[in-house]
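Data from model29.txt: compact mmCIF, C-alpha atoms
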```txt
# COMPACT_ATOMS: atom_id res chain seq x y z
CA MET A 1 36.67 28.22 -81.40
CA GLN A 2 35.49 30.35 -78.52
CA GLU A 3 31.81 30.05 -77.65
CA ASN A 4 29.94 33.35 -77.82
CA ASN A 5 26.95 34.50 -75.86
CA PRO A 6 23.85 34.14 -78.11
CA MET A 7 23.04 37.84 -77.78
CA GLU A 8 26.60 38.82 -78.74
CA GLU A 9 26.33 36.65 -81.84
CA ILE A 10 23.16 38.47 -82.85
CA VAL A 11 24.81 41.86 -82.46
CA GLN A 12 27.93 40.76 -84.33
CA HIS A 13 25.99 39.52 -87.35
CA SER A 14 23.92 42.04 -89.27
CA SER A 15 20.34 41.96 -88.07
CA PRO A 16 17.61 44.36 -89.24
CA LEU A 17 16.20 44.41 -85.70
CA ALA A 18 17.14 47.32 -83.47
CA GLU A 19 18.07 46.54 -79.86
CA ARG A 20 14.67 47.69 -78.58
CA ASP A 21 12.98 45.44 -81.18
CA ILE A 22 15.01 42.47 -80.00
CA GLU A 23 13.98 43.20 -76.41
CA LEU A 24 10.30 43.32 -77.43
CA VAL A 25 10.59 40.06 -79.37
CA ASN A 26 12.40 38.49 -76.40
CA ALA A 27 9.54 39.53 -74.12
CA LEU A 28 7.01 37.95 -76.48
CA GLN A 29 9.10 34.80 -76.75
CA VAL A 30 8.64 34.37 -73.00
CA ALA A 31 5.09 35.74 -72.62
CA PRO A 32 3.58 35.66 -76.13
CA ARG A 33 -0.03 36.54 -75.18
CA ALA A 34 0.67 38.96 -72.35
CA PRO A 35 -1.34 42.23 -72.66
CA TRP A 36 0.62 45.28 -73.77
CA GLU A 37 -0.11 46.91 -70.41
CA ASP A 38 1.59 44.05 -68.53
CA LEU A 39 4.54 43.99 -70.92
CA ALA A 40 4.87 47.77 -70.54
CA GLU A 41 5.37 47.44 -66.79
CA VAL A 42 8.21 44.97 -67.27
CA LEU A 43 9.89 46.77 -70.18
CA ASN A 44 9.28 50.32 -68.89
CA VAL A 45 7.84 51.36 -72.25
CA HIS A 46 4.36 52.78 -72.94
CA PRO A 47 1.84 50.13 -74.12
CA THR A 48 0.99 52.12 -77.26
CA THR A 49 4.66 52.27 -78.19
CA LEU A 50 5.02 48.50 -77.79
CA SER A 51 1.91 47.88 -79.87
CA ARG A 52 3.17 50.20 -82.59
CA ARG A 53 6.60 48.53 -82.67
CA TRP A 54 5.00 45.11 -82.90
CA ALA A 55 2.77 46.23 -85.77
CA ARG A 56 5.87 47.44 -87.61
CA LEU A 57 7.73 44.16 -87.05
CA THR A 58 4.82 41.98 -88.14
CA GLY A 59 4.09 44.27 -91.09
CA ALA A 60 7.69 43.86 -92.26
CA GLY A 61 7.44 40.08 -91.86
CA LEU A 62 10.23 40.01 -89.28
CA ALA A 63 8.30 38.42 -86.41
CA ARG A 64 4.98 36.77 -85.61
CA VAL A 65 3.21 34.94 -82.79
CA SER A 66 1.65 31.59 -83.63
CA ILE A 67 1.07 28.16 -82.06
CA THR A 68 2.45 24.65 -82.38
CA PRO A 69 1.01 21.35 -81.10
CA GLY A 70 1.74 20.59 -77.44
CA PRO A 71 2.38 17.16 -75.91
CA GLU A 72 -1.32 16.38 -75.36
CA LEU A 73 -2.34 17.34 -78.91
CA LEU A 74 0.49 15.20 -80.29
CA ARG A 75 -1.30 12.19 -78.77
CA VAL A 76 -4.32 12.64 -81.04
CA MET A 77 -2.55 13.53 -84.29
CA ASP A 78 0.30 12.39 -86.51
CA VAL A 79 3.43 14.55 -86.68
CA ALA A 80 6.15 13.44 -89.06
CA PHE A 81 9.16 14.54 -91.07
CA VAL A 82 8.87 13.49 -94.72
CA GLU A 83 11.73 13.63 -97.21
CA LEU A 84 10.65 13.99 -100.84
CA THR A 85 12.79 13.12 -103.84
CA CYS A 86 11.50 14.94 -106.91
CA GLN A 87 12.32 15.27 -110.58
CA ASN A 88 14.99 17.98 -110.71
CA ASN A 89 12.89 20.23 -112.93
CA ARG A 90 9.70 19.81 -110.88
CA VAL A 91 10.85 20.76 -107.35
CA LEU A 92 9.34 24.26 -107.43
CA ASP A 93 6.10 22.91 -108.96
CA VAL A 94 5.79 20.45 -106.09
CA VAL A 95 6.46 23.23 -103.55
CA GLU A 96 3.76 25.47 -105.03
CA LYS A 97 1.18 22.68 -104.86
CA LEU A 98 2.06 21.83 -101.25
CA ILE A 99 2.28 25.31 -99.69
CA PRO A 100 -1.54 25.82 -99.35
CA ASP A 101 -1.95 22.48 -97.54
CA GLN A 102 -3.07 23.20 -93.95
CA ARG A 103 -1.45 20.02 -92.65
CA LEU A 104 2.02 21.17 -93.69
CA MET A 105 3.86 23.18 -91.06
CA SER A 106 7.12 23.61 -92.98
CA ILE A 107 8.70 22.95 -96.38
CA GLN A 108 12.48 23.11 -96.74
CA PHE A 109 14.87 22.59 -99.64
CA ILE A 110 17.80 20.57 -98.29
CA ALA A 111 21.27 19.53 -99.46
CA GLY A 112 21.26 15.74 -99.75
CA PRO A 113 19.80 12.78 -101.66
CA ALA A 114 16.25 14.11 -101.16
CA HIS A 115 15.15 17.55 -102.34
CA LEU A 116 12.52 18.58 -99.80
CA LEU A 117 11.93 18.06 -96.08
CA LEU A 118 8.31 18.44 -94.99
CA THR A 119 7.02 18.80 -91.43
CA ILE A 120 3.51 17.34 -91.27
CA ALA A 121 0.91 17.78 -88.52
CA ALA A 122 -2.04 15.63 -89.55
CA ALA A 123 -5.10 15.81 -87.31
CA GLU A 124 -6.95 12.65 -86.25
CA HIS A 125 -4.02 10.38 -87.21
CA SER A 126 -4.50 11.10 -90.92
CA LEU A 127 -0.85 10.85 -92.04
CA SER A 128 -1.62 7.84 -94.22
CA THR A 129 -4.27 9.84 -96.09
CA PHE A 130 -1.80 12.67 -96.68
CA LEU A 131 0.84 10.29 -98.02
CA LEU A 132 -1.48 8.15 -100.15
CA THR A 133 -3.71 10.84 -101.63
CA THR A 134 -1.81 14.14 -101.50
CA ILE A 135 1.78 13.00 -102.02
CA GLY A 136 0.73 9.94 -104.01
CA SER A 137 -1.07 12.07 -106.59
CA LEU A 138 1.64 14.73 -107.01
CA ASP A 139 3.33 14.78 -110.40
CA GLY A 140 7.08 15.15 -110.06
CA VAL A 141 7.49 13.19 -106.80
CA LEU A 142 9.67 10.12 -107.29
CA HIS A 143 10.09 8.83 -103.74
CA TYR A 144 9.37 9.69 -100.11
CA SER A 145 10.61 8.49 -96.73
CA VAL A 146 8.91 9.12 -93.40
CA ARG A 147 10.08 9.61 -89.82
CA SER A 148 7.16 9.75 -87.38
CA VAL A 149 7.62 11.87 -84.25
CA THR A 150 7.28 9.81 -81.07
CA SER A 151 8.05 12.58 -78.54
CA GLN A 152 9.07 16.23 -78.42
CA ILE A 153 12.28 16.46 -76.40
CA LEU A 154 12.99 20.14 -76.96
CA ASP A 155 10.37 22.46 -78.46
CA ALA A 156 11.48 25.31 -80.72
CA GLY A 157 9.31 27.70 -78.71
CA ARG A 158 11.71 27.45 -75.74
CA TRP A 159 14.50 29.21 -77.65
CA HIS A 160 14.79 32.95 -77.04
CA PHE A 161 17.24 35.83 -77.42
CA HIS A 162 18.32 36.25 -73.77
CA ALA A 163 18.38 39.97 -74.55
CA LEU A 164 16.67 41.05 -71.31
CA PRO A 165 18.03 40.98 -67.75
CA ALA A 166 17.31 37.80 -65.80
CA ALA A 167 14.94 39.61 -63.43
CA LYS A 168 12.76 40.80 -66.32
CA LEU A 169 12.76 37.36 -67.90
CA ARG A 170 11.56 35.89 -64.61
CA SER A 171 8.77 38.47 -64.40
CA LEU A 172 7.68 37.68 -67.96
CA SER A 173 7.76 33.95 -67.29
CA GLN A 174 5.57 34.50 -64.24
CA LEU A 175 3.10 36.53 -66.34
CA HIS A 176 2.78 33.66 -68.78
CA LYS A 177 2.35 31.03 -66.05
CA GLN A 178 -0.26 33.06 -64.18
CA ALA A 179 -2.29 33.53 -67.35
CA PHE A 180 -2.64 29.80 -68.02
CA ASN A 181 -2.22 28.09 -64.62
CA ALA A 182 -5.98 27.58 -64.36
CA GLY A 183 -5.90 25.30 -67.40
CA GLU A 184 -3.17 23.01 -66.11
CA GLY A 185 -4.17 19.37 -66.36
CA ALA A 186 -7.44 20.17 -68.12
CA ALA A 187 -8.94 17.57 -70.44
CA VAL A 188 -9.92 19.20 -73.73
CA LYS A 189 -12.24 17.84 -76.40
CA MET A 190 -11.25 18.77 -79.95
CA ASP A 191 -14.67 20.11 -80.97
CA THR A 192 -15.36 22.58 -83.77
CA ALA A 193 -14.98 25.60 -81.46
CA ASN A 194 -11.53 24.54 -80.27
CA GLN A 195 -10.48 23.72 -83.82
CA ALA A 196 -11.58 27.20 -84.92
CA LEU A 197 -9.67 28.78 -82.03
CA MET A 198 -6.50 26.89 -82.90
CA ARG A 199 -6.79 27.79 -86.58
CA GLU A 200 -7.10 31.49 -85.71
CA LEU A 201 -4.26 31.32 -83.18
CA SER A 202 -2.04 29.64 -85.76
CA ALA A 203 -2.56 32.71 -87.94
CA ASP A 204 -2.22 35.25 -85.09
CA GLY A 205 -1.21 33.99 -81.68
CA ARG A 206 -2.01 37.40 -80.18
CA ALA A 207 -5.55 37.54 -81.57
CA SER A 208 -7.87 39.24 -79.09
CA LEU A 209 -10.56 37.34 -77.21
CA ARG A 210 -13.21 39.19 -79.22
CA GLU A 211 -11.58 38.09 -82.48
CA LEU A 212 -11.26 34.51 -81.26
CA ALA A 213 -14.86 34.48 -80.04
CA ALA A 214 -16.11 35.72 -83.41
CA VAL A 215 -14.40 32.96 -85.44
CA ALA A 216 -15.43 30.23 -82.98
CA GLY A 217 -19.03 31.43 -82.58
CA ILE A 218 -18.77 31.69 -78.78
CA SER A 219 -18.58 34.48 -76.21
CA PRO A 220 -15.27 36.19 -75.30
CA VAL A 221 -15.54 34.71 -71.79
CA ALA A 222 -15.88 31.21 -73.25
CA ALA A 223 -13.00 31.91 -75.64
CA ALA A 224 -10.78 32.94 -72.71
CA ARG A 225 -11.68 29.79 -70.80
CA ARG A 226 -10.99 27.55 -73.80
CA VAL A 227 -7.65 29.19 -74.65
CA THR A 228 -6.58 28.84 -71.01
CA ARG A 229 -7.36 25.13 -71.14
CA LEU A 230 -5.66 24.63 -74.51
CA VAL A 231 -2.44 26.31 -73.37
CA GLY A 232 -2.46 25.33 -69.70
CA GLY A 233 -3.44 21.76 -70.57
CA LYS A 234 -0.45 21.52 -72.96
CA TYR A 235 -2.52 20.99 -76.08
CA ILE A 236 -0.89 23.95 -77.81
CA THR A 237 2.22 26.04 -77.30
CA VAL A 238 2.05 29.75 -78.11
CA ARG A 239 5.35 31.02 -79.45
CA CYS A 240 6.95 34.06 -81.02
CA ASP A 241 8.93 33.33 -84.17
CA VAL A 242 11.48 35.67 -85.69
CA ALA A 243 12.46 35.59 -89.35
CA ARG A 244 15.91 34.12 -89.92
CA ARG A 245 17.32 37.43 -91.15
CA GLY A 246 16.05 39.05 -87.96
CA SER A 247 17.66 36.45 -85.71
CA GLY A 248 21.26 36.99 -86.76
CA ARG A 249 21.43 33.32 -87.79
CA SER A 250 21.02 32.98 -91.55
CA TYR A 251 21.34 29.21 -91.90
CA SER A 252 19.92 26.05 -90.39
CA ALA A 253 20.81 22.40 -90.48
CA ILE A 254 19.04 19.13 -89.76
CA LEU A 255 20.89 16.46 -87.81
CA TRP A 256 19.91 12.83 -87.26
CA GLY A 257 21.42 10.76 -84.49
CA SER A 258 20.87 7.85 -82.17
CA ILE A 259 20.68 7.49 -78.40
CA PRO A 260 19.61 4.63 -76.10
CA PRO A 261 15.82 4.88 -75.53
CA ASP A 262 16.21 5.00 -71.74
CA ARG A 263 18.14 8.28 -72.06
CA VAL A 264 15.51 10.07 -74.16
CA PRO A 265 13.22 11.30 -71.30
CA THR A 266 16.02 13.35 -69.66
CA LEU A 267 17.85 14.34 -72.83
CA GLY A 268 16.62 17.94 -73.01
CA GLU A 269 17.52 18.94 -69.44
CA GLY A 270 19.94 21.88 -69.54
CA LEU A 271 20.78 21.24 -73.18
CA PRO A 272 19.78 24.68 -74.59
CA ALA A 273 22.25 26.42 -72.27
CA ARG A 274 25.07 24.12 -73.38
CA VAL A 275 24.20 24.21 -77.09
CA PRO A 276 22.70 27.66 -77.84
CA ALA A 277 22.27 26.87 -81.55
CA LEU A 278 19.90 23.96 -80.84
CA ARG A 279 16.32 24.86 -81.79
CA LEU A 280 14.44 21.57 -81.84
CA MET A 281 14.94 17.99 -80.75
CA SER A 282 12.46 15.15 -81.31
CA SER A 283 12.52 11.40 -80.99
CA VAL A 284 11.50 9.74 -84.24
CA THR A 285 11.09 6.40 -85.94
CA GLY A 286 13.64 5.07 -88.40
CA ALA A 287 17.28 4.05 -88.40
CA ASN A 288 18.14 7.13 -86.28
CA ASN A 289 15.85 7.90 -83.35
CA ILE A 290 16.77 11.58 -82.78
CA HIS A 291 15.93 14.50 -85.10
CA MET A 292 17.60 17.87 -84.35
CA VAL A 293 17.41 21.35 -85.85
CA VAL A 294 20.19 23.89 -85.29
CA TRP A 295 20.46 27.52 -86.38
CA LEU A 296 23.83 28.72 -87.64
CA ASN A 297 25.56 31.97 -88.50
CA ASN A 298 27.44 30.12 -91.23
CA PRO A 299 27.51 26.52 -92.50
CA MET A 300 31.14 26.37 -91.34
CA ASP A 301 29.82 26.52 -87.74
CA LEU A 302 28.09 23.15 -88.02
CA LEU A 303 31.10 21.11 -86.94
CA HIS A 304 31.47 23.25 -83.80
CA VAL A 305 27.79 22.75 -82.94
CA GLU A 306 28.12 19.00 -83.46
CA ARG A 307 31.06 18.95 -81.05
CA GLN A 308 28.97 20.83 -78.48
CA LEU A 309 26.18 18.28 -78.83
CA LEU A 310 28.53 15.31 -78.47
CA GLN A 311 30.23 16.87 -75.43
CA SER A 312 26.83 17.58 -73.83
CA VAL A 313 25.27 14.17 -74.50
CA ASP A 314 27.92 11.49 -74.11
CA CYS A 315 25.79 8.66 -75.50
CA LEU A 316 24.65 10.56 -78.62
CA ALA A 317 25.90 9.46 -82.04
CA ILE A 318 25.31 11.91 -84.91
CA GLU A 319 24.97 9.85 -88.07
CA ASP A 320 23.65 12.21 -90.77
CA ARG A 321 23.17 15.90 -91.40
CA ARG A 322 21.74 18.30 -94.01
CA ILE A 323 22.17 22.02 -94.56
CA VAL A 324 18.85 23.75 -95.32
CA LEU A 325 19.37 25.68 -98.54
CA ARG A 326 16.00 27.44 -98.56
CA THR A 327 12.81 27.46 -96.51
CA PHE A 328 9.58 27.91 -98.47
CA LYS A 329 7.12 27.57 -95.60
CA TYR A 330 7.72 27.85 -91.86
CA ASN A 331 5.20 27.06 -89.12
CA GLY A 332 2.21 27.80 -91.32
CA VAL A 333 3.47 30.86 -93.18
CA ARG A 334 4.91 31.20 -96.67
CA LEU A 335 8.34 32.83 -96.69
CA ASN A 336 9.22 35.61 -99.11
CA ASP A 337 12.36 35.37 -101.22
CA ASP A 338 14.27 37.41 -98.61
CA GLY A 339 13.23 35.03 -95.82
CA THR A 340 10.65 37.33 -94.22
CA PHE A 341 7.18 36.04 -93.29
CA GLY A 342 4.62 36.41 -96.07
CA GLN A 343 1.22 34.81 -96.71
CA ILE A 344 -0.19 32.99 -93.68
CA VAL A 345 -1.71 29.53 -94.21
CA PRO A 346 -3.67 28.75 -91.00
CA MET A 347 -2.94 25.24 -89.72
CA ALA A 348 -5.77 22.70 -89.39
CA TYR A 349 -4.78 21.11 -86.08
```

As structure tokens, how would this structure be written, given the file I've shared?
Amino acid sequence: MQENNPMEEIVQHSSPLAERDIELVNALQVAPRAPWEDLAEVLNVHPTTLSRRWARLTGAGLARVSITPGPELLRVMDVAFVELTCQNNRVLDVVEKLIPDQRLMSIQFIAGPAHLLLTIAAAEHSLSTFLLTTIGSLDGVLHYSVRSVTSQILDAGRWHFHALPAAKLRSLSQLHKQAFNAGEGAAVKMDTANQALMRELSADGRASLRELAAVAGISPVAAARRVTRLVGGKYITVRCDVARRGSGRSYSAILWGSIPPDRVPTLGEGLPARVPALRLMSSVTGANNIHMVVWLNNPMDLLHVERQLLQSVDCLAIEDRRIVLRTFKYNGVRLNDDGTFGQIVPMAY
């Protein structure tokens, strides 16, 4: 099977995004909080036009900007993947009860012994409370198994379309770095103001400083300073997500594998270029110490992606895999039946 350029794959498979929409999303994947005026200079499009296009995309549920925990925030919280086995006739009931939970990033219906795969981000190391009280009290849940995340090898926010010329991508990357360089290495206390900022940014990663200041009860200047520290200090990652139907890749799969622990720190270097379908890679606890997420055009492509992974990482052993049959919640937003983004559930990081 010949390997295609990621952008060519998007064009070949029906996507509701026009080429100019893909370019805008690509720009926001690289510089998600850049002002429209700065993006306009790079894209050679009027700021008002960009703003209008973005409003249309978000209104249609095809794209959104949000946040995920960064390496420093992961140190003060519990992130885990939890597989739930449910009564066959209670799966949807369990999903409906779990969707409003602000600790749940994602809920997926998977093909395998378990029914649901949950991605949990529990603040203040409260995973045990979630498992004992929330999951433990849910009617219809028969069994759960837990893999705790021990490091983020490859963050999903690093994936992007590669729809723009390299020179423009470099300019956008520089915009993003310049905006948050001042916060690099900053120590951040998770007080109520920062928690309010993160909750608002999880709902709208492009929220204005005035909007952020209002929800946090601080001035816009203070909001700017805090956001710079949160992003620059690697407490949060701001990212632009695109709905699966807008990405040209309609399926995803979860892979579990094993690798010697001494290889984990360098595992992600250059891997996205060699395996374009790879979205996420984490080290986890359990029998397999690597958790991977790949996006596919078709489930039949999974074997090809596995071969790419094994050729790229010679010491990796892939020992289990699941096709995701349906995603109910993704990074803090409920998905509609057609896979577009629907009701936002702000995360309580």

Determine, counting all atoms listed in the file, which protein, DNA and RNA residues have an atom within 12 Å of an atom of region 131-144 of chain A; residues of the same chain fewer than 4 positions away are not included. Present the result as an MDAnalysis selection string.
chainID A and resid 78 80:98 100:104 113:118 120 122 125:127

Pull C-alpha atoms from the residues just selected and write them as a PDB file, keeping the file's coordinate frame.
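Final output, out.pdb:
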```
ATOM      1  CA  ASP A  78       0.300  12.390 -86.510  1.00  0.00           C
ATOM      2  CA  ALA A  80       6.150  13.440 -89.060  1.00  0.00           C
ATOM      3  CA  PHE A  81       9.160  14.540 -91.070  1.00  0.00           C
ATOM      4  CA  VAL A  82       8.870  13.490 -94.720  1.00  0.00           C
ATOM      5  CA  GLU A  83      11.730  13.630 -97.210  1.00  0.00           C
ATOM      6  CA  LEU A  84      10.650  13.990-100.840  1.00  0.00           C
ATOM      7  CA  THR A  85      12.790  13.120-103.840  1.00  0.00           C
ATOM      8  CA  CYS A  86      11.500  14.940-106.910  1.00  0.00           C
ATOM      9  CA  GLN A  87      12.320  15.270-110.580  1.00  0.00           C
ATOM     10  CA  ASN A  88      14.990  17.980-110.710  1.00  0.00           C
ATOM     11  CA  ASN A  89      12.890  20.230-112.930  1.00  0.00           C
ATOM     12  CA  ARG A  90       9.700  19.810-110.880  1.00  0.00           C
ATOM     13  CA  VAL A  91      10.850  20.760-107.350  1.00  0.00           C
ATOM     14  CA  LEU A  92       9.340  24.260-107.430  1.00  0.00           C
ATOM     15  CA  ASP A  93       6.100  22.910-108.960  1.00  0.00           C
ATOM     16  CA  VAL A  94       5.790  20.450-106.090  1.00  0.00           C
ATOM     17  CA  VAL A  95       6.460  23.230-103.550  1.00  0.00           C
ATOM     18  CA  GLU A  96       3.760  25.470-105.030  1.00  0.00           C
ATOM     19  CA  LYS A  97       1.180  22.680-104.860  1.00  0.00           C
ATOM     20  CA  LEU A  98       2.060  21.830-101.250  1.00  0.00           C
ATOM     21  CA  PRO A 100      -1.540  25.820 -99.350  1.00  0.00           C
ATOM     22  CA  ASP A 101      -1.950  22.480 -97.540  1.00  0.00           C
ATOM     23  CA  GLN A 102      -3.070  23.200 -93.950  1.00  0.00           C
ATOM     24  CA  ARG A 103      -1.450  20.020 -92.650  1.00  0.00           C
ATOM     25  CA  LEU A 104       2.020  21.170 -93.690  1.00  0.00           C
ATOM     26  CA  PRO A 113      19.800  12.780-101.660  1.00  0.00           C
ATOM     27  CA  ALA A 114      16.250  14.110-101.160  1.00  0.00           C
ATOM     28  CA  HIS A 115      15.150  17.550-102.340  1.00  0.00           C
ATOM     29  CA  LEU A 116      12.520  18.580 -99.800  1.00  0.00           C
ATOM     30  CA  LEU A 117      11.930  18.060 -96.080  1.00  0.00           C
ATOM     31  CA  LEU A 118       8.310  18.440 -94.990  1.00  0.00           C
ATOM     32  CA  ILE A 120       3.510  17.340 -91.270  1.00  0.00           C
ATOM     33  CA  ALA A 122      -2.040  15.630 -89.550  1.00  0.00           C
ATOM     34  CA  HIS A 125      -4.020  10.380 -87.210  1.00  0.00           C
ATOM     35  CA  SER A 126      -4.500  11.100 -90.920  1.00  0.00           C
ATOM     36  CA  LEU A 127      -0.850  10.850 -92.040  1.00  0.00           C
TER      37      LEU A 127
END
```

Give me, please, the distance in Å between CA of Arg322 (chain A) and CA of Pro16 (chain A), quoted to one decimal.
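Between CA of Arg322 (chain A) and CA of Pro16 (chain A) the gap works out to 26.8 Å.
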
I'd like to know which of A:Ala196, A:Leu28, A:Val215, A:Met105 is closest to Ser173 (chain A), using all atoms listed in the file.
A:Leu28

Spatial neighbours of region 206-212 of chain A, 8 Å, only C-alpha atoms, chain gap at least 2 places, as a PyMOL selection string
chain A and resi 32-33+65-66+197+200-201+204+214-216+219-221+223-224

Selected residues written out, C-alpha atoms, as a tab-separated table (two decimals), in the frame of the given file:
```tsv
chain	number	residue	atom	x	y	z
A	32	PRO	CA	3.58	35.66	-76.13
A	33	ARG	CA	-0.03	36.54	-75.18
A	65	VAL	CA	3.21	34.94	-82.79
A	66	SER	CA	1.65	31.59	-83.63
A	197	LEU	CA	-9.67	28.78	-82.03
A	200	GLU	CA	-7.10	31.49	-85.71
A	201	LEU	CA	-4.26	31.32	-83.18
A	204	ASP	CA	-2.22	35.25	-85.09
A	214	ALA	CA	-16.11	35.72	-83.41
A	215	VAL	CA	-14.40	32.96	-85.44
A	216	ALA	CA	-15.43	30.23	-82.98
A	219	SER	CA	-18.58	34.48	-76.21
A	220	PRO	CA	-15.27	36.19	-75.30
A	221	VAL	CA	-15.54	34.71	-71.79
A	223	ALA	CA	-13.00	31.91	-75.64
A	224	ALA	CA	-10.78	32.94	-72.71
```

Give me, please, the distance in Å between CA of Val25 (chain A) and CA of Ala203 (chain A), quoted to one decimal.
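It comes out at 17.3 Å.
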
Selection near Val76 (chain A), 12 Å with only C-alpha atoms, sequence-local residues under 2 positions removed, as a ChimeraX atom specification:
/A:69-74,78-79,121-127,150,188-190,235,349

Expected file contents, prior selection, C-alpha atoms, as a PDB file, keeping the file's coordinate frame:
```pdb
ATOM      1  CA  PRO A  69       1.010  21.350 -81.100  1.00  0.00           C
ATOM      2  CA  GLY A  70       1.740  20.590 -77.440  1.00  0.00           C
ATOM      3  CA  PRO A  71       2.380  17.160 -75.910  1.00  0.00           C
ATOM      4  CA  GLU A  72      -1.320  16.380 -75.360  1.00  0.00           C
ATOM      5  CA  LEU A  73      -2.340  17.340 -78.910  1.00  0.00           C
ATOM      6  CA  LEU A  74       0.490  15.200 -80.290  1.00  0.00           C
ATOM      7  CA  ASP A  78       0.300  12.390 -86.510  1.00  0.00           C
ATOM      8  CA  VAL A  79       3.430  14.550 -86.680  1.00  0.00           C
ATOM      9  CA  ALA A 121       0.910  17.780 -88.520  1.00  0.00           C
ATOM     10  CA  ALA A 122      -2.040  15.630 -89.550  1.00  0.00           C
ATOM     11  CA  ALA A 123      -5.100  15.810 -87.310  1.00  0.00           C
ATOM     12  CA  GLU A 124      -6.950  12.650 -86.250  1.00  0.00           C
ATOM     13  CA  HIS A 125      -4.020  10.380 -87.210  1.00  0.00           C
ATOM     14  CA  SER A 126      -4.500  11.100 -90.920  1.00  0.00           C
ATOM     15  CA  LEU A 127      -0.850  10.850 -92.040  1.00  0.00           C
ATOM     16  CA  THR A 150       7.280   9.810 -81.070  1.00  0.00           C
ATOM     17  CA  VAL A 188      -9.920  19.200 -73.730  1.00  0.00           C
ATOM     18  CA  LYS A 189     -12.240  17.840 -76.400  1.00  0.00           C
ATOM     19  CA  MET A 190     -11.250  18.770 -79.950  1.00  0.00           C
ATOM     20  CA  TYR A 235      -2.520  20.990 -76.080  1.00  0.00           C
ATOM     21  CA  TYR A 349      -4.780  21.110 -86.080  1.00  0.00           C
TER      22      TYR A 349
END
```

Just the residues within 7 Å of Ala253 (chain A), please, counting only C-alpha atoms, with nothing from its chain fewer than 6 positions along; format it as a VMD selection string.
chain A and resid 293 to 295 321 to 324

What is the distance between CA of Leu255 (chain A) and CA of Asn336 (chain A), in Å to one decimal?
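So the answer is 25.1 Å.
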
Given the choices A:Val313, A:Leu302, A:Ala243, A:Val227, which gets closest to Gly342 (chain A) if the distance is worked out from all atoms listed in the file?
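Smallest separation from Gly342 (chain A) among the options: A:Ala243.
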
Could you check which of A:Ser283, A:Ser171, A:Asn297, A:Gln311 is closest to Ala40 (chain A), using all atoms listed in the file?
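Closest residue, counting all atoms listed in the file: A:Ser171.
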
Nearest to Asn194 (chain A) among A:Arg274, A:His160, A:Arg225, A:Arg147, with distances taken over all atoms listed in the file: which residue is it?
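Answer, going by the shortest atom-to-atom distance: A:Arg225.
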
Using all atoms listed in the file, which residue out of A:Ala27, A:Ala193, A:Val45, A:Ile254 lies closest to Trp159 (chain A)?
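Residue with the minimum atom-to-atom distance to Trp159 (chain A): A:Ala27.
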
Can you pull out every residue within 10 Å of Asp155 (chain A), counting all atoms listed in the file, but drop anything in the same chain fewer than 3 positions away, and send it as a PyMOL selection string?
chain A and resi 68-71+152+158-159+237+239+268+278-282

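The shortest atom-to-atom distance to Ala63 (chain A), with only C-alpha atoms taken into account, belongs to A:Arg244 out of A:Arg244, A:Arg75, A:Lys168, A:His162.
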
Missing atoms in region 183-193 of chain A need filling: write out N, CA and C atoms for it as a PDB file, in the coordinates of the input.
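Below is the file that was written, result03.pdb:
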```pdb
ATOM      1  N   GLY A 183      -5.624  26.368 -66.443  1.00  0.00           N
ATOM      2  CA  GLY A 183      -5.900  25.300 -67.400  1.00  0.00           C
ATOM      3  C   GLY A 183      -5.023  24.090 -67.246  1.00  0.00           C
ATOM      4  N   GLU A 184      -4.120  24.118 -66.267  1.00  0.00           N
ATOM      5  CA  GLU A 184      -3.170  23.010 -66.110  1.00  0.00           C
ATOM      6  C   GLU A 184      -3.904  21.712 -65.798  1.00  0.00           C
ATOM      7  N   GLY A 185      -3.571  20.686 -66.571  1.00  0.00           N
ATOM      8  CA  GLY A 185      -4.170  19.370 -66.360  1.00  0.00           C
ATOM      9  C   GLY A 185      -5.564  19.216 -66.915  1.00  0.00           C
ATOM     10  N   ALA A 186      -6.075  20.240 -67.597  1.00  0.00           N
ATOM     11  CA  ALA A 186      -7.440  20.170 -68.120  1.00  0.00           C
ATOM     12  C   ALA A 186      -7.537  19.171 -69.270  1.00  0.00           C
ATOM     13  N   ALA A 187      -8.646  18.454 -69.317  1.00  0.00           N
ATOM     14  CA  ALA A 187      -8.940  17.570 -70.440  1.00  0.00           C
ATOM     15  C   ALA A 187      -9.750  18.353 -71.467  1.00  0.00           C
ATOM     16  N   VAL A 188      -9.297  18.376 -72.700  1.00  0.00           N
ATOM     17  CA  VAL A 188      -9.920  19.200 -73.730  1.00  0.00           C
ATOM     18  C   VAL A 188     -10.427  18.311 -74.863  1.00  0.00           C
ATOM     19  N   LYS A 189     -11.670  18.541 -75.252  1.00  0.00           N
ATOM     20  CA  LYS A 189     -12.240  17.840 -76.400  1.00  0.00           C
ATOM     21  C   LYS A 189     -12.005  18.674 -77.648  1.00  0.00           C
ATOM     22  N   MET A 190     -11.538  18.045 -78.723  1.00  0.00           N
ATOM     23  CA  MET A 190     -11.250  18.770 -79.950  1.00  0.00           C
ATOM     24  C   MET A 190     -12.537  18.967 -80.773  1.00  0.00           C
ATOM     25  N   ASP A 191     -13.423  19.823 -80.254  1.00  0.00           N
ATOM     26  CA  ASP A 191     -14.670  20.110 -80.970  1.00  0.00           C
ATOM     27  C   ASP A 191     -14.445  21.219 -81.989  1.00  0.00           C
ATOM     28  N   THR A 192     -15.503  21.598 -82.695  1.00  0.00           N
ATOM     29  CA  THR A 192     -15.360  22.580 -83.770  1.00  0.00           C
ATOM     30  C   THR A 192     -14.924  23.947 -83.242  1.00  0.00           C
ATOM     31  N   ALA A 193     -15.373  24.310 -82.034  1.00  0.00           N
ATOM     32  CA  ALA A 193     -14.980  25.600 -81.460  1.00  0.00           C
ATOM     33  C   ALA A 193     -13.488  25.634 -81.170  1.00  0.00           C
TER      34      ALA A 193
END
```
